[in-house]
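Asks: The following file, input08.tsv, comprises TSV, C-alpha atoms:
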```tsv
chain	number	residue	atom	x	y	z
Q	1365	MET	CA	1.69	-24.01	30.94
Q	1366	ARG	CA	-0.82	-26.02	32.91
Q	1367	ILE	CA	-3.44	-24.02	34.78
Q	1368	SER	CA	-4.76	-26.63	37.18
Q	1369	GLY	CA	-3.08	-27.48	40.44
Q	1370	ARG	CA	-0.80	-24.42	40.58
Q	1371	GLU	CA	-2.82	-22.27	42.92
Q	1372	THR	CA	-6.21	-22.96	44.32
Q	1373	LEU	CA	-8.04	-19.91	43.09
Q	1374	VAL	CA	-7.98	-18.44	39.62
Q	1375	SER	CA	-10.10	-15.71	38.09
Q	1376	LEU	CA	-12.01	-16.70	34.98
Q	1377	GLN	CA	-13.47	-14.44	32.35
Q	1378	LEU	CA	-16.17	-16.36	30.47
Q	1379	ASP	CA	-18.21	-15.48	27.43
Q	1380	GLU	CA	-22.00	-15.28	27.60
Q	1381	THR	CA	-22.45	-19.00	26.83
Q	1382	GLY	CA	-20.07	-19.92	29.65
Q	1383	LYS	CA	-21.90	-17.63	32.07
Q	1384	LYS	CA	-25.23	-19.18	31.07
Q	1385	VAL	CA	-23.89	-22.71	31.59
Q	1386	LEU	CA	-22.77	-21.77	35.10
Q	1387	SER	CA	-26.05	-20.07	35.83
Q	1388	ASP	CA	-27.91	-23.20	34.67
Q	1389	ALA	CA	-25.64	-25.27	36.90
Q	1390	GLY	CA	-26.75	-23.23	39.90
Q	1391	VAL	CA	-23.58	-21.17	40.26
Q	1392	GLU	CA	-24.02	-17.43	40.73
Q	1393	PRO	CA	-22.33	-15.71	37.78
Q	1394	GLU	CA	-20.21	-13.33	39.87
Q	1395	ARG	CA	-18.90	-16.21	42.00
Q	1396	ALA	CA	-17.91	-18.04	38.86
Q	1397	LEU	CA	-15.20	-15.48	38.26
Q	1398	ALA	CA	-13.20	-16.97	41.14
Q	1399	ALA	CA	-12.88	-20.70	40.58
Q	1400	PHE	CA	-10.95	-23.65	41.94
Q	1401	ILE	CA	-9.63	-25.44	38.87
Q	1402	ILE	CA	-9.16	-29.06	39.69
Q	1403	ASP	CA	-8.00	-30.38	36.32
Q	1404	GLU	CA	-7.78	-29.59	32.65
Q	1405	ASP	CA	-7.79	-31.56	29.42
Q	1406	GLU	CA	-8.38	-31.05	25.71
Q	1407	ARG	CA	-12.06	-30.36	26.36
Q	1408	GLY	CA	-11.59	-27.53	28.84
Q	1409	LEU	CA	-11.17	-26.63	32.50
Q	1410	TRP	CA	-12.71	-28.75	35.25
Q	1411	MET	CA	-13.81	-26.50	38.11
Q	1412	ARG	CA	-15.13	-27.55	41.46
Q	1413	ILE	CA	-18.57	-26.30	42.41
Q	1414	GLU	CA	-20.76	-26.81	45.44
Q	1415	ARG	CA	-24.49	-27.27	45.28
Q	1416	THR	CA	-26.81	-28.05	48.18
Q	1417	GLY	CA	-23.85	-29.05	50.35
Q	1418	ALA	CA	-22.32	-31.50	47.88
Q	1419	GLY	CA	-19.26	-31.05	45.65
Q	1420	TYR	CA	-19.33	-31.48	41.88
Q	1421	TRP	CA	-16.90	-31.09	39.02
Q	1422	LEU	CA	-18.06	-28.93	36.15
Q	1423	LEU	CA	-16.45	-28.73	32.72
Q	1424	ILE	CA	-16.00	-25.27	31.25
Q	1425	ARG	CA	-15.15	-25.79	27.59
Q	1426	TRP	CA	-12.18	-23.88	26.22
Q	1427	PRO	CA	-14.17	-21.82	23.64
Q	1428	TRP	CA	-16.13	-20.24	26.52
Q	1429	VAL	CA	-13.02	-19.13	28.39
Q	1430	LEU	CA	-11.94	-15.62	27.41
Q	1431	ALA	CA	-9.18	-15.20	30.02
Q	1432	VAL	CA	-7.65	-16.86	33.07
Q	1433	GLU	CA	-5.90	-14.85	35.76
Q	1434	ILE	CA	-3.59	-16.85	38.04
Q	1435	PRO	CA	-2.06	-15.33	41.19
Q	1436	ALA	CA	1.71	-14.96	40.87
Q	1437	PRO	CA	3.35	-17.84	42.76
Q	1438	ARG	CA	4.44	-17.09	46.33
Q	1439	SER	CA	7.82	-18.32	47.47
Q	1440	LYS	CA	8.29	-20.27	50.67
Q	1441	ARG	CA	11.86	-20.22	51.99
Q	1442	THR	CA	13.41	-22.02	54.94
Q	1443	GLY	CA	16.88	-22.83	56.12
Q	1444	ILE	CA	19.84	-21.39	57.92
Q	1445	ASN	CA	22.61	-19.25	56.41
O	987	MET	CA	23.99	-28.62	70.06
O	988	SER	CA	24.29	-25.09	71.50
O	989	LEU	CA	21.66	-22.90	69.86
O	990	GLN	CA	20.17	-19.58	70.85
O	991	ILE	CA	17.45	-17.68	69.03
O	992	LEU	CA	17.87	-13.89	69.31
O	993	ILE	CA	14.16	-13.14	69.05
O	994	ASP	CA	14.53	-9.45	69.95
O	995	GLU	CA	16.70	-8.95	66.86
O	996	ALA	CA	14.32	-10.60	64.38
O	997	LYS	CA	14.00	-8.96	60.96
O	998	LEU	CA	10.44	-8.70	59.72
O	999	PRO	CA	9.54	-9.78	56.18
O	1000	ALA	CA	10.26	-7.35	53.36
O	1001	GLN	CA	7.31	-6.08	51.34
O	1002	ASN	CA	7.83	-8.53	48.48
O	1003	ASN	CA	8.01	-11.75	50.52
O	1004	ASP	CA	6.88	-13.44	53.74
O	1005	THR	CA	10.25	-14.60	55.05
O	1006	TRP	CA	11.29	-13.69	58.61
O	1007	VAL	CA	14.99	-13.63	59.43
O	1008	LEU	CA	15.70	-14.77	62.98
O	1009	PRO	CA	19.33	-14.31	64.06
O	1010	VAL	CA	20.66	-17.33	65.97
O	1011	LEU	CA	23.85	-18.24	67.74
O	1012	ASP	CA	25.06	-21.68	66.69
O	1013	GLY	CA	27.91	-22.68	68.98
O	1014	GLY	CA	28.61	-18.96	69.47
O	1015	VAL	CA	28.62	-18.24	65.72
O	1016	ARG	CA	25.98	-15.81	64.52
O	1017	ARG	CA	23.81	-17.15	61.68
O	1018	GLU	CA	20.52	-16.22	60.06
O	1019	TRP	CA	17.51	-18.52	60.23
O	1020	LEU	CA	14.94	-18.03	57.44
O	1021	VAL	CA	11.41	-18.69	58.65
O	1022	ASP	CA	8.30	-18.56	56.48
O	1023	GLY	CA	5.54	-16.34	57.90
O	1024	PHE	CA	2.90	-19.05	57.62
O	1025	ASP	CA	5.11	-21.57	59.45
O	1026	LEU	CA	5.83	-19.01	62.16
O	1027	ALA	CA	2.10	-18.45	62.71
O	1028	LEU	CA	1.45	-22.20	62.69
O	1029	TRP	CA	4.13	-22.97	65.31
O	1030	PHE	CA	2.73	-20.18	67.46
O	1031	LYS	CA	-0.76	-21.69	67.17
O	1032	GLU	CA	0.52	-25.19	67.98
O	1033	ALA	CA	2.15	-23.84	71.14
O	1034	ILE	CA	-0.59	-21.66	72.57
O	1035	GLY	CA	-3.75	-22.58	70.70
O	1036	ARG	CA	-4.34	-19.48	68.57
O	1037	TYR	CA	-2.80	-17.68	65.63
O	1038	PRO	CA	-0.61	-14.65	66.50
O	1039	ALA	CA	-2.08	-11.15	66.22
O	1040	HIS	CA	-1.83	-9.67	62.76
O	1041	THR	CA	-4.37	-6.83	62.69
O	1042	LYS	CA	-1.71	-4.18	62.03
O	1043	GLY	CA	0.63	-6.46	60.11
O	1044	ASP	CA	3.92	-8.24	60.88
O	1045	ARG	CA	4.89	-5.85	63.70
O	1046	ASP	CA	1.75	-6.96	65.53
O	1047	THR	CA	2.81	-10.57	65.09
O	1048	TRP	CA	6.31	-9.84	66.34
O	1049	ASP	CA	4.99	-8.09	69.48
O	1050	ASP	CA	2.68	-11.04	70.18
O	1051	LEU	CA	5.55	-13.47	69.58
O	1052	LYS	CA	7.90	-11.65	71.96
O	1053	ALA	CA	5.18	-11.36	74.62
O	1054	ASN	CA	4.53	-15.11	74.49
O	1055	TRP	CA	8.08	-16.26	73.76
O	1056	PRO	CA	8.47	-18.37	76.93
O	1057	GLN	CA	5.44	-20.43	75.86
O	1058	VAL	CA	6.35	-20.81	72.18
O	1059	GLU	CA	10.16	-20.99	72.13
O	1060	LYS	CA	10.31	-24.77	72.63
O	1061	ARG	CA	8.41	-25.29	69.35
O	1062	PHE	CA	10.77	-22.90	67.54
O	1063	TYR	CA	13.88	-24.63	68.88
O	1064	GLN	CA	12.56	-28.00	67.62
O	1065	GLU	CA	12.41	-26.58	64.11
O	1066	LEU	CA	15.74	-24.80	64.39
O	1067	GLU	CA	17.52	-28.01	65.41
O	1068	LYS	CA	16.03	-29.73	62.36
O	1069	GLN	CA	17.20	-26.92	60.06
O	1070	VAL	CA	20.73	-26.89	61.47
O	1071	GLU	CA	20.96	-30.67	61.10
O	1072	LEU	CA	19.75	-30.48	57.47
O	1073	GLY	CA	22.09	-27.61	56.58
O	1074	THR	CA	20.29	-26.81	53.32
O	1075	THR	CA	18.31	-23.70	52.39
O	1076	ILE	CA	15.10	-24.66	50.62
O	1077	THR	CA	12.87	-22.51	48.43
O	1078	VAL	CA	9.56	-23.55	46.91
O	1079	ASP	CA	8.26	-21.21	44.25
O	1080	GLY	CA	4.52	-21.66	43.75
O	1081	ALA	CA	2.20	-24.33	45.05
O	1082	ARG	CA	0.46	-27.47	43.97
O	1083	ILE	CA	-2.57	-28.82	45.71
O	1084	SER	CA	-4.49	-32.06	45.47
O	1085	ALA	CA	-8.27	-32.38	45.43
O	1086	LEU	CA	-7.95	-34.46	48.61
O	1087	GLU	CA	-6.18	-31.63	50.45
O	1088	TRP	CA	-8.80	-29.21	49.25
O	1089	GLU	CA	-11.52	-31.46	50.71
O	1090	ARG	CA	-9.69	-31.66	54.06
O	1091	VAL	CA	-9.46	-27.88	54.28
O	1092	ARG	CA	-13.09	-27.48	53.21
O	1093	MET	CA	-14.18	-29.60	56.19
O	1094	LEU	CA	-12.27	-27.53	58.78
O	1095	PRO	CA	-14.36	-25.41	61.18
O	1096	ALA	CA	-14.06	-21.67	60.48
O	1097	GLU	CA	-12.25	-21.00	63.78
O	1098	GLU	CA	-9.36	-23.23	62.62
O	1099	LEU	CA	-8.67	-21.01	59.60
O	1100	PRO	CA	-5.79	-18.51	59.62
O	1101	PRO	CA	-6.82	-14.84	59.91
O	1102	LEU	CA	-6.33	-12.80	56.75
O	1103	THR	CA	-4.06	-9.83	56.37
O	1104	GLU	CA	-5.43	-6.59	54.96
O	1105	SER	CA	-3.93	-7.32	51.53
O	1106	GLN	CA	-5.51	-10.79	51.54
O	1107	ARG	CA	-8.89	-9.30	52.45
O	1108	GLU	CA	-8.44	-6.89	49.58
O	1109	ALA	CA	-7.69	-9.82	47.23
O	1110	ALA	CA	-10.82	-11.64	48.47
O	1111	ARG	CA	-12.92	-8.54	47.75
O	1112	LYS	CA	-11.39	-8.28	44.28
O	1113	MET	CA	-12.20	-11.93	43.56
O	1114	LYS	CA	-15.71	-11.44	44.98
O	1115	ILE	CA	-15.42	-14.25	47.48
O	1116	SER	CA	-15.87	-14.27	51.24
O	1117	ASP	CA	-12.94	-13.90	53.65
O	1118	GLU	CA	-13.64	-17.45	54.86
O	1119	GLU	CA	-13.47	-18.91	51.37
O	1120	TYR	CA	-10.25	-17.02	50.67
O	1121	SER	CA	-8.80	-18.24	53.96
O	1122	ARG	CA	-9.62	-21.86	53.07
O	1123	ASN	CA	-7.89	-21.44	49.72
O	1124	PHE	CA	-4.89	-19.80	51.35
O	1125	LEU	CA	-4.59	-22.64	53.88
O	1126	ALA	CA	-4.90	-25.28	51.14
O	1127	SER	CA	-2.14	-23.53	49.14
O	1128	GLU	CA	0.12	-23.34	52.19
O	1129	ARG	CA	-0.36	-27.04	52.92
O	1130	GLY	CA	0.48	-27.77	49.28
O	1131	ARG	CA	3.65	-25.70	49.59
O	1132	THR	CA	4.57	-27.48	52.82
O	1133	ALA	CA	4.23	-30.86	51.09
O	1134	LEU	CA	6.54	-29.67	48.30
O	1135	LEU	CA	9.01	-28.37	50.88
O	1136	ALA	CA	9.04	-31.80	52.53
O	1137	GLU	CA	9.83	-33.38	49.16
O	1138	ALA	CA	12.72	-30.95	48.64
O	1139	GLU	CA	14.02	-31.79	52.14
O	1140	ARG	CA	13.90	-35.49	51.31
O	1141	LEU	CA	15.84	-34.81	48.11
O	1142	ALA	CA	18.44	-32.86	50.12
O	1143	ARG	CA	18.91	-35.81	52.49
O	1144	PHE	CA	19.13	-38.28	49.62
O	1145	LEU	CA	21.70	-36.19	47.73
O	1146	SER	CA	23.78	-35.66	50.88
O	1147	ALA	CA	23.88	-39.41	51.49
O	1148	GLN	CA	24.86	-40.07	47.86
O	1149	LEU	CA	27.64	-37.48	47.97
O	1150	LYS	CA	29.13	-39.30	50.96
O	1151	GLN	CA	28.89	-42.62	49.11
O	1152	LEU	CA	30.66	-41.05	46.13
O	1153	GLY	CA	33.45	-39.98	48.46
O	1154	SER	CA	32.79	-36.30	47.77
O	1155	LYS	CA	33.20	-33.57	50.36
O	1156	ALA	CA	30.56	-31.44	48.61
O	1157	VAL	CA	27.52	-30.35	50.62
O	1158	VAL	CA	24.00	-29.56	49.46
O	1159	LYS	CA	23.90	-25.80	50.07
O	1160	SER	CA	20.47	-25.04	48.64
O	1161	ILE	CA	17.55	-26.54	46.77
O	1162	ALA	CA	14.95	-24.45	44.96
O	1163	LEU	CA	11.86	-25.99	43.40
O	1164	SER	CA	10.15	-24.05	40.64
O	1165	THR	CA	6.63	-25.43	40.20
O	1166	ILE	CA	6.34	-23.63	36.87
O	1167	GLU	CA	9.57	-24.97	35.39
O	1168	GLN	CA	9.02	-28.28	37.23
O	1169	LYS	CA	12.70	-28.47	38.15
O	1170	PHE	CA	14.80	-28.65	41.29
O	1171	GLU	CA	17.74	-26.24	41.16
O	1172	VAL	CA	20.37	-27.71	43.48
O	1173	GLU	CA	23.51	-25.89	44.57
O	1174	LEU	CA	26.38	-28.01	45.82
O	1175	VAL	CA	29.43	-26.44	47.40
O	1176	ASP	CA	32.74	-28.27	47.42
O	1177	GLU	CA	35.56	-26.51	49.27
O	1178	GLY	CA	34.23	-23.10	48.25
O	1179	THR	CA	33.42	-24.07	44.66
O	1180	ARG	CA	29.81	-23.77	43.62
O	1181	ILE	CA	28.37	-26.66	41.59
O	1182	PRO	CA	24.88	-26.08	40.13
O	1183	VAL	CA	22.76	-29.14	39.39
O	1184	ARG	CA	19.32	-29.31	37.80
O	1185	ILE	CA	16.99	-32.26	38.35
O	1186	ARG	CA	13.58	-32.58	36.74
O	1187	GLU	CA	10.74	-32.82	39.25
O	1188	GLU	CA	9.26	-35.72	37.30
O	1189	ILE	CA	12.33	-37.91	37.98
O	1190	VAL	CA	12.25	-37.11	41.70
O	1191	GLY	CA	8.53	-37.93	41.79
O	1192	ASP	CA	9.12	-41.24	40.01
O	1193	PHE	CA	11.70	-42.13	42.65
O	1194	PHE	CA	9.98	-40.90	45.83
O	1195	GLU	CA	6.37	-41.66	44.91
O	1196	GLY	CA	6.78	-44.42	42.34
O	1197	GLY	CA	9.74	-46.17	43.99
O	1198	SER	CA	11.47	-46.36	40.59
O	1199	SER	CA	14.99	-47.76	40.79
O	1200	GLU	CA	15.64	-46.36	37.31
O	1201	ALA	CA	14.75	-42.85	38.54
O	1202	GLU	CA	17.03	-43.33	41.55
O	1203	ALA	CA	19.89	-44.36	39.23
O	1204	ARG	CA	19.26	-41.34	37.01
O	1205	ILE	CA	19.45	-38.91	39.94
O	1206	ILE	CA	22.71	-40.51	41.08
O	1207	ARG	CA	24.07	-40.27	37.52
O	1208	ILE	CA	23.17	-36.57	37.35
O	1209	LEU	CA	25.01	-36.04	40.63
O	1210	GLU	CA	28.06	-38.03	39.52
O	1211	THR	CA	28.23	-36.08	36.26
O	1212	ALA	CA	28.10	-32.76	38.08
O	1213	ILE	CA	30.89	-33.77	40.45
O	1214	LYS	CA	33.07	-35.24	37.69
O	1215	TYR	CA	32.60	-32.21	35.42
O	1216	ARG	CA	33.59	-29.90	38.24
O	1217	ASN	CA	36.73	-31.99	38.84
O	1218	ARG	CA	37.74	-31.73	35.17
O	1219	VAL	CA	37.32	-27.93	35.28
O	1220	VAL	CA	39.60	-27.71	38.31
O	1221	GLN	CA	42.29	-29.89	36.66
```
Do you think you could lay out the structure here as structure tokens?

Replies:
Amino acid sequence: MRISGRETLVSLQLDETGKKVLSDAGVEPERALAAFIIDEDERGLWMRIERTGAGYWLLIRWPWVLAVEIPAPRSKRTGIN
Amino acid sequence: MSLQILIDEAKLPAQNNDTWVLPVLDGGVRREWLVDGFDLALWFKEAIGRYPAHTKGDRDTWDDLKANWPQVEKRFYQELEKQVELGTTITVDGARISALEWERVRMLPAEELPPLTESQREAARKMKISDEEYSRNFLASERGRTALLAEAERLARFLSAQLKQLGSKAVVKSIALSTIEQKFEVELVDEGTRIPVRIREEIVGDFFEGGSSEAEARIIRILETAIKYRNRVVQ
């Protein structure tokens, strides 16, 4: 199952290396738990971060990701019976 | 078209979904119109410039809707006429959002964002993000869902036109898109007989977005096969 593009926000559990990478990238560790995943590939998850008013994409490598929590999809229904 | 929305008899969403049921009279026949809660709030905002009240939940919204019905009903009737003309119930399960849409939502002023419900505020607290950030994500998701709904509507119109060309009396009763399974589940009904059809989302995307004539031919072949198979069963 692909993670990216399904819902905007996912919760990430990262190991200590992953947390340090985010901290070095200027992202507060507790905010890193809720992330907008923009893409994914064999290297890892690409999350969007903001720094000094500009947007960046940051790669979180798979070995640093302990768990990903995705909100259950909501249904949208229209029509007339 | 003689349509009447019985707003006083609306059924509020159940706990496990966000679908309102608005009873309508269509040429004197009572029918049920399914309206998504986000769409309802959006039409209200388009009509009177603000989102409906929601502090105490859906009942708050309903009271606000009834109080302002003369101002907002025109917008609702526009949508109802479209739904009656389409004649297909559409469900989109999940969402998909582009980076471009995310950027658009990110640039919106805070006052344009939809207010959060108590459960959404609780979710924001759990995810340790601000209400505003959660609201932006919610809006981006809803816009993604709306885009998928529009694609399903286009598929319904295409299939209806093809059924006519095939000389079939079948109608497209419902279309459900599962973003996880990446499939459209289509239900045709021909003189009371239900005909289920599955079409991969990838093929529909190749046709609608890529303009592929091969994808178009494949969708038509899927439809033809479903109709022919049903005929053989009946015989």

Asks: Check the smallest atom-to-atom distance from each of O:Glu1067, O:Glu1202, O:Asp1049, O:Glu1018 to chain Q using all atoms listed in the file, then report the winner.

Replies: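 When distances to chain Q are compared using all atoms listed in the file, the smallest one comes from O:Glu1018.
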
Asks: Residues of chain O within 9 Å of chain Q, using only C-alpha atoms, as a count of residues only?

Replies: 45

Asks: Work out how far CA of Ile1424 in chain Q is from CA of Val1385 in chain Q, in Å to one decimal.

Replies: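 Taking CA of Val1385 in chain Q and CA of Ile1424 in chain Q, their separation equals 8.3 Å.
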
Asks: State, in Å with one decimal place, the distance from CA of Arg1061 in chain O to CA of Asp1046 in chain O.

Replies: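 Separating CA of Arg1061 in chain O from CA of Asp1046 in chain O is a distance of 19.9 Å.
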
Asks: When you draw a straight line from CA of Trp1426 in chain Q to CA of Arg1407 in chain Q, how long is it in Å?

Replies: 6.5 Å

Asks: Please write as a list of chain:residue names the list of polymer residues whose atoms come within 7 Å of (-3.4, -24.1, 59.6), counting all atoms listed in the file and keeping to the coordinates of the file.

Replies: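 Selection result: O:Leu1028, O:Glu1098, O:Leu1099, O:Pro1100, O:Leu1125.
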
Asks: What's the 10 Å shell around Arg1107 in chain O, counting only C-alpha atoms, without same-chain residues fewer than 4 positions away, as a short mmCIF file (atom, residue, chain, number, x, y, z; two decimals) with C-alpha atoms, keeping the file's coordinate frame?

Replies:
```
data_model
loop_
_atom_site.label_atom_id
_atom_site.label_comp_id
_atom_site.auth_asym_id
_atom_site.auth_seq_id
_atom_site.Cartn_x
_atom_site.Cartn_y
_atom_site.Cartn_z
CA PRO O 1101 -6.82 -14.84 59.91
CA LEU O 1102 -6.33 -12.80 56.75
CA THR O 1103 -4.06 -9.83 56.37
CA ARG O 1111 -12.92 -8.54 47.75
CA LYS O 1112 -11.39 -8.28 44.28
CA MET O 1113 -12.20 -11.93 43.56
CA ILE O 1115 -15.42 -14.25 47.48
CA SER O 1116 -15.87 -14.27 51.24
CA ASP O 1117 -12.94 -13.90 53.65
CA GLU O 1118 -13.64 -17.45 54.86
CA TYR O 1120 -10.25 -17.02 50.67
CA SER O 1121 -8.80 -18.24 53.96
#
```
